[in-house]
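**Student:** Next comes upload-v7.txt, compact mmCIF, N, CA and C atoms:
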```
# COMPACT_ATOMS: atom_id res chain seq x y z
N MET A 1 -4.21 -47.21 -21.11
CA MET A 1 -3.97 -45.91 -21.69
C MET A 1 -4.66 -44.81 -20.87
N THR A 2 -5.77 -45.15 -20.26
CA THR A 2 -6.48 -44.18 -19.43
C THR A 2 -5.63 -43.77 -18.23
N LEU A 3 -4.98 -44.73 -17.61
CA LEU A 3 -4.13 -44.43 -16.46
C LEU A 3 -3.00 -43.48 -16.86
N PHE A 4 -2.43 -43.68 -18.04
CA PHE A 4 -1.37 -42.80 -18.52
C PHE A 4 -1.87 -41.37 -18.66
N LEU A 5 -3.05 -41.21 -19.25
CA LEU A 5 -3.59 -39.87 -19.45
C LEU A 5 -3.91 -39.19 -18.12
N ILE A 6 -4.44 -39.95 -17.17
CA ILE A 6 -4.74 -39.39 -15.85
C ILE A 6 -3.44 -38.95 -15.17
N LEU A 7 -2.40 -39.77 -15.27
CA LEU A 7 -1.12 -39.41 -14.65
C LEU A 7 -0.53 -38.16 -15.29
N VAL A 8 -0.66 -38.02 -16.59
CA VAL A 8 -0.13 -36.83 -17.27
C VAL A 8 -0.91 -35.59 -16.85
N ILE A 9 -2.23 -35.70 -16.75
CA ILE A 9 -3.05 -34.56 -16.33
C ILE A 9 -2.70 -34.16 -14.90
N VAL A 10 -2.54 -35.13 -14.02
CA VAL A 10 -2.17 -34.84 -12.63
C VAL A 10 -0.80 -34.16 -12.59
N ALA A 11 0.14 -34.64 -13.40
CA ALA A 11 1.47 -34.04 -13.43
C ALA A 11 1.41 -32.59 -13.91
N ILE A 12 0.60 -32.32 -14.91
CA ILE A 12 0.48 -30.95 -15.42
C ILE A 12 -0.14 -30.04 -14.36
N VAL A 13 -1.20 -30.51 -13.71
CA VAL A 13 -1.86 -29.69 -12.68
C VAL A 13 -0.90 -29.41 -11.53
N LEU A 14 -0.19 -30.44 -11.06
CA LEU A 14 0.76 -30.22 -9.97
C LEU A 14 1.87 -29.27 -10.39
N GLY A 15 2.32 -29.39 -11.61
CA GLY A 15 3.37 -28.50 -12.10
C GLY A 15 2.91 -27.06 -12.16
N ILE A 16 1.70 -26.83 -12.64
CA ILE A 16 1.18 -25.46 -12.72
C ILE A 16 1.00 -24.87 -11.32
N ILE A 17 0.45 -25.66 -10.41
CA ILE A 17 0.28 -25.17 -9.04
C ILE A 17 1.65 -24.91 -8.40
N GLY A 18 2.60 -25.79 -8.66
CA GLY A 18 3.93 -25.62 -8.09
C GLY A 18 4.64 -24.38 -8.58
N VAL A 19 4.41 -24.01 -9.83
CA VAL A 19 5.03 -22.81 -10.38
C VAL A 19 4.28 -21.56 -9.94
N ALA A 20 2.95 -21.62 -9.94
CA ALA A 20 2.14 -20.44 -9.66
C ALA A 20 2.13 -20.06 -8.18
N ALA A 21 2.07 -21.04 -7.31
CA ALA A 21 1.97 -20.74 -5.88
C ALA A 21 3.37 -20.57 -5.29
N GLU A 22 3.55 -19.51 -4.58
CA GLU A 22 4.85 -19.24 -4.00
C GLU A 22 5.07 -20.15 -2.80
N GLY A 23 6.21 -20.79 -2.75
CA GLY A 23 6.55 -21.67 -1.63
C GLY A 23 6.11 -23.10 -1.82
N LEU A 24 5.55 -23.42 -2.99
CA LEU A 24 5.11 -24.79 -3.25
C LEU A 24 5.92 -25.41 -4.38
N LEU A 25 7.21 -25.17 -4.37
CA LEU A 25 8.08 -25.72 -5.40
C LEU A 25 8.11 -27.24 -5.36
N TYR A 26 7.86 -27.81 -4.18
CA TYR A 26 7.87 -29.26 -4.07
C TYR A 26 6.76 -29.89 -4.90
N LEU A 27 5.67 -29.16 -5.15
CA LEU A 27 4.62 -29.70 -6.03
C LEU A 27 5.10 -29.83 -7.46
N LEU A 28 5.94 -28.89 -7.90
CA LEU A 28 6.53 -29.00 -9.23
C LEU A 28 7.41 -30.23 -9.32
N ILE A 29 8.18 -30.48 -8.29
CA ILE A 29 9.06 -31.65 -8.28
C ILE A 29 8.22 -32.93 -8.28
N ILE A 30 7.14 -32.96 -7.50
CA ILE A 30 6.25 -34.12 -7.49
C ILE A 30 5.60 -34.30 -8.86
N GLY A 31 5.21 -33.20 -9.50
CA GLY A 31 4.62 -33.26 -10.84
C GLY A 31 5.59 -33.84 -11.85
N ILE A 32 6.85 -33.47 -11.76
CA ILE A 32 7.86 -34.02 -12.67
C ILE A 32 8.04 -35.51 -12.42
N ALA A 33 8.02 -35.91 -11.14
CA ALA A 33 8.16 -37.33 -10.80
C ALA A 33 6.96 -38.13 -11.31
N VAL A 34 5.77 -37.58 -11.19
CA VAL A 34 4.57 -38.27 -11.69
C VAL A 34 4.62 -38.39 -13.21
N PHE A 35 5.10 -37.34 -13.88
CA PHE A 35 5.22 -37.40 -15.34
C PHE A 35 6.24 -38.46 -15.76
N ALA A 36 7.34 -38.55 -15.03
CA ALA A 36 8.34 -39.58 -15.34
C ALA A 36 7.76 -40.97 -15.12
N ALA A 37 6.99 -41.13 -14.05
CA ALA A 37 6.34 -42.43 -13.79
C ALA A 37 5.35 -42.77 -14.90
N ALA A 38 4.65 -41.77 -15.41
CA ALA A 38 3.70 -42.01 -16.50
C ALA A 38 4.42 -42.45 -17.76
N LEU A 39 5.56 -41.84 -18.04
CA LEU A 39 6.33 -42.24 -19.22
C LEU A 39 6.87 -43.66 -19.07
N ILE A 40 7.34 -44.00 -17.88
CA ILE A 40 7.83 -45.37 -17.64
C ILE A 40 6.69 -46.36 -17.80
N TYR A 41 5.52 -46.03 -17.27
CA TYR A 41 4.35 -46.90 -17.41
C TYR A 41 3.99 -47.08 -18.88
N LEU A 42 4.04 -46.00 -19.66
CA LEU A 42 3.71 -46.10 -21.09
C LEU A 42 4.70 -46.99 -21.82
N VAL A 43 5.98 -46.82 -21.55
CA VAL A 43 7.00 -47.64 -22.22
C VAL A 43 6.82 -49.11 -21.86
N LEU A 44 6.61 -49.39 -20.59
CA LEU A 44 6.43 -50.79 -20.18
C LEU A 44 5.16 -51.38 -20.77
N ASN A 45 4.11 -50.59 -20.84
CA ASN A 45 2.85 -51.08 -21.38
C ASN A 45 2.96 -51.33 -22.88
N LEU A 46 3.62 -50.45 -23.60
CA LEU A 46 3.79 -50.65 -25.05
C LEU A 46 4.70 -51.84 -25.33
N ARG A 47 5.72 -52.02 -24.52
CA ARG A 47 6.62 -53.14 -24.72
C ARG A 47 5.91 -54.46 -24.46
N ARG A 48 5.06 -54.48 -23.43
CA ARG A 48 4.34 -55.71 -23.08
C ARG A 48 3.27 -56.04 -24.13
N SER A 49 2.57 -55.01 -24.64
CA SER A 49 1.51 -55.27 -25.61
C SER A 49 2.08 -55.55 -27.00
N GLY A 50 3.35 -55.23 -27.22
CA GLY A 50 3.96 -55.46 -28.52
C GLY A 50 4.31 -56.91 -28.77
N ARG A 51 4.29 -57.71 -27.74
CA ARG A 51 4.64 -59.13 -27.90
C ARG A 51 3.40 -59.93 -28.23
N HIS A 52 3.30 -60.30 -29.46
CA HIS A 52 2.19 -61.15 -29.88
C HIS A 52 2.76 -62.52 -30.24
N HIS A 53 2.25 -63.52 -29.57
CA HIS A 53 2.72 -64.86 -29.82
C HIS A 53 1.92 -65.44 -30.99
N ARG A 54 2.62 -65.77 -32.03
CA ARG A 54 1.98 -66.35 -33.20
C ARG A 54 2.25 -67.84 -33.22
N THR A 55 1.25 -68.58 -33.55
CA THR A 55 1.42 -70.02 -33.64
C THR A 55 1.88 -70.38 -35.05
N LEU A 56 2.76 -71.35 -35.12
CA LEU A 56 3.24 -71.78 -36.41
C LEU A 56 2.23 -72.73 -37.03
N ARG A 57 2.05 -72.62 -38.32
CA ARG A 57 1.07 -73.50 -38.99
C ARG A 57 1.79 -74.56 -39.75
```
Would you kindly transcribe this structure into structure tokens?
**Tutor:**
Amino acid sequence: MTLFLILVIVAIVLGIIGVAAEGLLYLLIIGIAVFAAALIYLVLNLRRSGRHHRTLR
């Protein structure tokens, strides 16, 4: 979960810099890509942790 939060923070920072700085639109695009990667990581991590193997008694 920590990695997800770090990726989201990095995506937000890159997005703000990409919008604020003139000529750095590519940082906004990289920020969007990092945010998408963070969402994919979260979905895969939740799907993997959701599988609990229960033993039959």
**Student:** Calculated over only N, CA and C atoms, which of the candidates A:Leu7, A:Leu14, A:Met1, A:Ala21 has the smallest distance to A:Val34?
**Tutor:** A:Leu7
**Student:** Could you work out an axis-aligned box for stretch 35-48 of chain A, taking every atom the file lists and adding 6 Å on each side, and report centre and edge lengths in Å to one decimal, as AutoDock Vina command-line options?
**Tutor:**
```
--center_x 5.6 --center_y -46.7 --center_z -19.6 --size_x 17.5 --size_y 30.7 --size_z 23.5
```
**Student:** So what do you get for atom CA of A:Ile9 versus atom C of A:Ile32, distance-wise?
**Tutor:** 11.8 Å
**Student:** Could you check how far atom CA of A:Ser49 sits from atom CA of A:Ala37, in Å to one decimal?
**Tutor:**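 Value for the atom CA of A:Ser49-atom CA of A:Ala37 distance: 18.1 Å.
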**Student:** Pick out the closest residue to A:Leu5 from this set: A:Leu39, A:Leu24, A:Arg48, A:Gly31. Count only C-alpha atoms.
**Tutor:** A:Leu39
**Student:** Between atom CA of A:Leu3 and atom CA of A:Val43, what distance in Å does the model show, to one decimal?
**Tutor:**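 A separation of 12.9 Å between them.
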**Student:** Using all atoms listed in the file, which of A:Ile16, A:Ile6, A:Ala11, A:Leu46 sits nearest A:Ala33?
**Tutor:** A:Ala11
**Student:** With distances taken over only N, CA and C atoms, which of A:Val8, A:Gly23, A:Thr2, A:Val13 is nearest to A:Ala36?
**Tutor:**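 For A:Ala36, the nearest of the candidates is A:Val8.
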**Student:** Taking the chain letters and numbering used in this document, name the residues of chain A that DSSP puts in alpha helix (DSSP H), as a PDB file with N, CA and C atoms, in the coordinates of the input.
**Tutor:**
```
ATOM      1  N   THR A   2      -5.770 -45.150 -20.260  1.00  0.00           N
ATOM      2  CA  THR A   2      -6.480 -44.180 -19.430  1.00  0.00           C
ATOM      3  C   THR A   2      -5.630 -43.770 -18.230  1.00  0.00           C
ATOM      4  N   LEU A   3      -4.980 -44.730 -17.610  1.00  0.00           N
ATOM      5  CA  LEU A   3      -4.130 -44.430 -16.460  1.00  0.00           C
ATOM      6  C   LEU A   3      -3.000 -43.480 -16.860  1.00  0.00           C
ATOM      7  N   PHE A   4      -2.430 -43.680 -18.040  1.00  0.00           N
ATOM      8  CA  PHE A   4      -1.370 -42.800 -18.520  1.00  0.00           C
ATOM      9  C   PHE A   4      -1.870 -41.370 -18.660  1.00  0.00           C
ATOM     10  N   LEU A   5      -3.050 -41.210 -19.250  1.00  0.00           N
ATOM     11  CA  LEU A   5      -3.590 -39.870 -19.450  1.00  0.00           C
ATOM     12  C   LEU A   5      -3.910 -39.190 -18.120  1.00  0.00           C
ATOM     13  N   ILE A   6      -4.440 -39.950 -17.170  1.00  0.00           N
ATOM     14  CA  ILE A   6      -4.740 -39.390 -15.850  1.00  0.00           C
ATOM     15  C   ILE A   6      -3.440 -38.950 -15.170  1.00  0.00           C
ATOM     16  N   LEU A   7      -2.400 -39.770 -15.270  1.00  0.00           N
ATOM     17  CA  LEU A   7      -1.120 -39.410 -14.650  1.00  0.00           C
ATOM     18  C   LEU A   7      -0.530 -38.160 -15.290  1.00  0.00           C
ATOM     19  N   VAL A   8      -0.660 -38.020 -16.590  1.00  0.00           N
ATOM     20  CA  VAL A   8      -0.130 -36.830 -17.270  1.00  0.00           C
ATOM     21  C   VAL A   8      -0.910 -35.590 -16.850  1.00  0.00           C
ATOM     22  N   ILE A   9      -2.230 -35.700 -16.750  1.00  0.00           N
ATOM     23  CA  ILE A   9      -3.050 -34.560 -16.330  1.00  0.00           C
ATOM     24  C   ILE A   9      -2.700 -34.160 -14.900  1.00  0.00           C
ATOM     25  N   VAL A  10      -2.540 -35.130 -14.020  1.00  0.00           N
ATOM     26  CA  VAL A  10      -2.170 -34.840 -12.630  1.00  0.00           C
ATOM     27  C   VAL A  10      -0.800 -34.160 -12.590  1.00  0.00           C
ATOM     28  N   ALA A  11       0.140 -34.640 -13.400  1.00  0.00           N
ATOM     29  CA  ALA A  11       1.470 -34.040 -13.430  1.00  0.00           C
ATOM     30  C   ALA A  11       1.410 -32.590 -13.910  1.00  0.00           C
ATOM     31  N   ILE A  12       0.600 -32.320 -14.910  1.00  0.00           N
ATOM     32  CA  ILE A  12       0.480 -30.950 -15.420  1.00  0.00           C
ATOM     33  C   ILE A  12      -0.140 -30.040 -14.360  1.00  0.00           C
ATOM     34  N   VAL A  13      -1.200 -30.510 -13.710  1.00  0.00           N
ATOM     35  CA  VAL A  13      -1.860 -29.690 -12.680  1.00  0.00           C
ATOM     36  C   VAL A  13      -0.900 -29.410 -11.530  1.00  0.00           C
ATOM     37  N   LEU A  14      -0.190 -30.440 -11.060  1.00  0.00           N
ATOM     38  CA  LEU A  14       0.760 -30.220  -9.970  1.00  0.00           C
ATOM     39  C   LEU A  14       1.870 -29.270 -10.390  1.00  0.00           C
ATOM     40  N   GLY A  15       2.320 -29.390 -11.610  1.00  0.00           N
ATOM     41  CA  GLY A  15       3.370 -28.500 -12.100  1.00  0.00           C
ATOM     42  C   GLY A  15       2.910 -27.060 -12.160  1.00  0.00           C
ATOM     43  N   ILE A  16       1.700 -26.830 -12.640  1.00  0.00           N
ATOM     44  CA  ILE A  16       1.180 -25.460 -12.720  1.00  0.00           C
ATOM     45  C   ILE A  16       1.000 -24.870 -11.320  1.00  0.00           C
ATOM     46  N   ILE A  17       0.450 -25.660 -10.410  1.00  0.00           N
ATOM     47  CA  ILE A  17       0.280 -25.170  -9.040  1.00  0.00           C
ATOM     48  C   ILE A  17       1.650 -24.910  -8.400  1.00  0.00           C
ATOM     49  N   GLY A  18       2.600 -25.790  -8.660  1.00  0.00           N
ATOM     50  CA  GLY A  18       3.930 -25.620  -8.090  1.00  0.00           C
ATOM     51  C   GLY A  18       4.640 -24.380  -8.580  1.00  0.00           C
ATOM     52  N   VAL A  19       4.410 -24.010  -9.830  1.00  0.00           N
ATOM     53  CA  VAL A  19       5.030 -22.810 -10.380  1.00  0.00           C
ATOM     54  C   VAL A  19       4.280 -21.560  -9.940  1.00  0.00           C
ATOM     55  N   ALA A  20       2.950 -21.620  -9.940  1.00  0.00           N
ATOM     56  CA  ALA A  20       2.140 -20.440  -9.660  1.00  0.00           C
ATOM     57  C   ALA A  20       2.130 -20.060  -8.180  1.00  0.00           C
ATOM     58  N   LEU A  25       7.210 -25.170  -4.370  1.00  0.00           N
ATOM     59  CA  LEU A  25       8.080 -25.720  -5.400  1.00  0.00           C
ATOM     60  C   LEU A  25       8.110 -27.240  -5.360  1.00  0.00           C
ATOM     61  N   TYR A  26       7.860 -27.810  -4.180  1.00  0.00           N
ATOM     62  CA  TYR A  26       7.870 -29.260  -4.070  1.00  0.00           C
ATOM     63  C   TYR A  26       6.760 -29.890  -4.900  1.00  0.00           C
ATOM     64  N   LEU A  27       5.670 -29.160  -5.150  1.00  0.00           N
ATOM     65  CA  LEU A  27       4.620 -29.700  -6.030  1.00  0.00           C
ATOM     66  C   LEU A  27       5.100 -29.830  -7.460  1.00  0.00           C
ATOM     67  N   LEU A  28       5.940 -28.890  -7.900  1.00  0.00           N
ATOM     68  CA  LEU A  28       6.530 -29.000  -9.230  1.00  0.00           C
ATOM     69  C   LEU A  28       7.410 -30.230  -9.320  1.00  0.00           C
ATOM     70  N   ILE A  29       8.180 -30.480  -8.290  1.00  0.00           N
ATOM     71  CA  ILE A  29       9.060 -31.650  -8.280  1.00  0.00           C
ATOM     72  C   ILE A  29       8.220 -32.930  -8.280  1.00  0.00           C
ATOM     73  N   ILE A  30       7.140 -32.960  -7.500  1.00  0.00           N
ATOM     74  CA  ILE A  30       6.250 -34.120  -7.490  1.00  0.00           C
ATOM     75  C   ILE A  30       5.600 -34.300  -8.860  1.00  0.00           C
ATOM     76  N   GLY A  31       5.210 -33.200  -9.500  1.00  0.00           N
ATOM     77  CA  GLY A  31       4.620 -33.260 -10.840  1.00  0.00           C
ATOM     78  C   GLY A  31       5.590 -33.840 -11.850  1.00  0.00           C
ATOM     79  N   ILE A  32       6.850 -33.470 -11.760  1.00  0.00           N
ATOM     80  CA  ILE A  32       7.860 -34.020 -12.670  1.00  0.00           C
ATOM     81  C   ILE A  32       8.040 -35.510 -12.420  1.00  0.00           C
ATOM     82  N   ALA A  33       8.020 -35.910 -11.140  1.00  0.00           N
ATOM     83  CA  ALA A  33       8.160 -37.330 -10.800  1.00  0.00           C
ATOM     84  C   ALA A  33       6.960 -38.130 -11.310  1.00  0.00           C
ATOM     85  N   VAL A  34       5.770 -37.580 -11.190  1.00  0.00           N
ATOM     86  CA  VAL A  34       4.570 -38.270 -11.690  1.00  0.00           C
ATOM     87  C   VAL A  34       4.620 -38.390 -13.210  1.00  0.00           C
ATOM     88  N   PHE A  35       5.100 -37.340 -13.880  1.00  0.00           N
ATOM     89  CA  PHE A  35       5.220 -37.400 -15.340  1.00  0.00           C
ATOM     90  C   PHE A  35       6.240 -38.460 -15.760  1.00  0.00           C
ATOM     91  N   ALA A  36       7.340 -38.550 -15.030  1.00  0.00           N
ATOM     92  CA  ALA A  36       8.340 -39.580 -15.340  1.00  0.00           C
ATOM     93  C   ALA A  36       7.760 -40.970 -15.120  1.00  0.00           C
ATOM     94  N   ALA A  37       6.990 -41.130 -14.050  1.00  0.00           N
ATOM     95  CA  ALA A  37       6.340 -42.430 -13.790  1.00  0.00           C
ATOM     96  C   ALA A  37       5.350 -42.770 -14.900  1.00  0.00           C
ATOM     97  N   ALA A  38       4.650 -41.770 -15.410  1.00  0.00           N
ATOM     98  CA  ALA A  38       3.700 -42.010 -16.500  1.00  0.00           C
ATOM     99  C   ALA A  38       4.420 -42.450 -17.760  1.00  0.00           C
ATOM    100  N   LEU A  39       5.560 -41.840 -18.040  1.00  0.00           N
ATOM    101  CA  LEU A  39       6.330 -42.240 -19.220  1.00  0.00           C
ATOM    102  C   LEU A  39       6.870 -43.660 -19.070  1.00  0.00           C
ATOM    103  N   ILE A  40       7.340 -44.000 -17.880  1.00  0.00           N
ATOM    104  CA  ILE A  40       7.830 -45.370 -17.640  1.00  0.00           C
ATOM    105  C   ILE A  40       6.690 -46.360 -17.800  1.00  0.00           C
ATOM    106  N   TYR A  41       5.520 -46.030 -17.270  1.00  0.00           N
ATOM    107  CA  TYR A  41       4.350 -46.900 -17.410  1.00  0.00           C
ATOM    108  C   TYR A  41       3.990 -47.080 -18.880  1.00  0.00           C
ATOM    109  N   LEU A  42       4.040 -46.000 -19.660  1.00  0.00           N
ATOM    110  CA  LEU A  42       3.710 -46.100 -21.090  1.00  0.00           C
ATOM    111  C   LEU A  42       4.700 -46.990 -21.820  1.00  0.00           C
ATOM    112  N   VAL A  43       5.980 -46.820 -21.550  1.00  0.00           N
ATOM    113  CA  VAL A  43       7.000 -47.640 -22.220  1.00  0.00           C
ATOM    114  C   VAL A  43       6.820 -49.110 -21.860  1.00  0.00           C
ATOM    115  N   LEU A  44       6.610 -49.390 -20.590  1.00  0.00           N
ATOM    116  CA  LEU A  44       6.430 -50.790 -20.180  1.00  0.00           C
ATOM    117  C   LEU A  44       5.160 -51.380 -20.770  1.00  0.00           C
ATOM    118  N   ASN A  45       4.110 -50.590 -20.840  1.00  0.00           N
ATOM    119  CA  ASN A  45       2.850 -51.080 -21.380  1.00  0.00           C
ATOM    120  C   ASN A  45       2.960 -51.330 -22.880  1.00  0.00           C
ATOM    121  N   LEU A  46       3.620 -50.450 -23.600  1.00  0.00           N
ATOM    122  CA  LEU A  46       3.790 -50.650 -25.050  1.00  0.00           C
ATOM    123  C   LEU A  46       4.700 -51.840 -25.330  1.00  0.00           C
ATOM    124  N   ARG A  47       5.720 -52.020 -24.520  1.00  0.00           N
ATOM    125  CA  ARG A  47       6.620 -53.140 -24.720  1.00  0.00           C
ATOM    126  C   ARG A  47       5.910 -54.460 -24.460  1.00  0.00           C
ATOM    127  N   ARG A  48       5.060 -54.480 -23.430  1.00  0.00           N
ATOM    128  CA  ARG A  48       4.340 -55.710 -23.080  1.00  0.00           C
ATOM    129  C   ARG A  48       3.270 -56.040 -24.130  1.00  0.00           C
ATOM    130  N   SER A  49       2.570 -55.010 -24.640  1.00  0.00           N
ATOM    131  CA  SER A  49       1.510 -55.270 -25.610  1.00  0.00           C
ATOM    132  C   SER A  49       2.080 -55.550 -27.000  1.00  0.00           C
TER     133      SER A  49
END
```
**Student:** Would you mind listing what lies within 6 Å of A:Gly15 as a list in words, with only N, CA and C atoms counted and same-chain residues fewer than 3 positions away left out?
**Tutor:**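 What passes the distance filter is Val10, Ala11, Ile12, Gly18, Val19, Ala20, Leu27, Leu28 and Gly31 of chain A.
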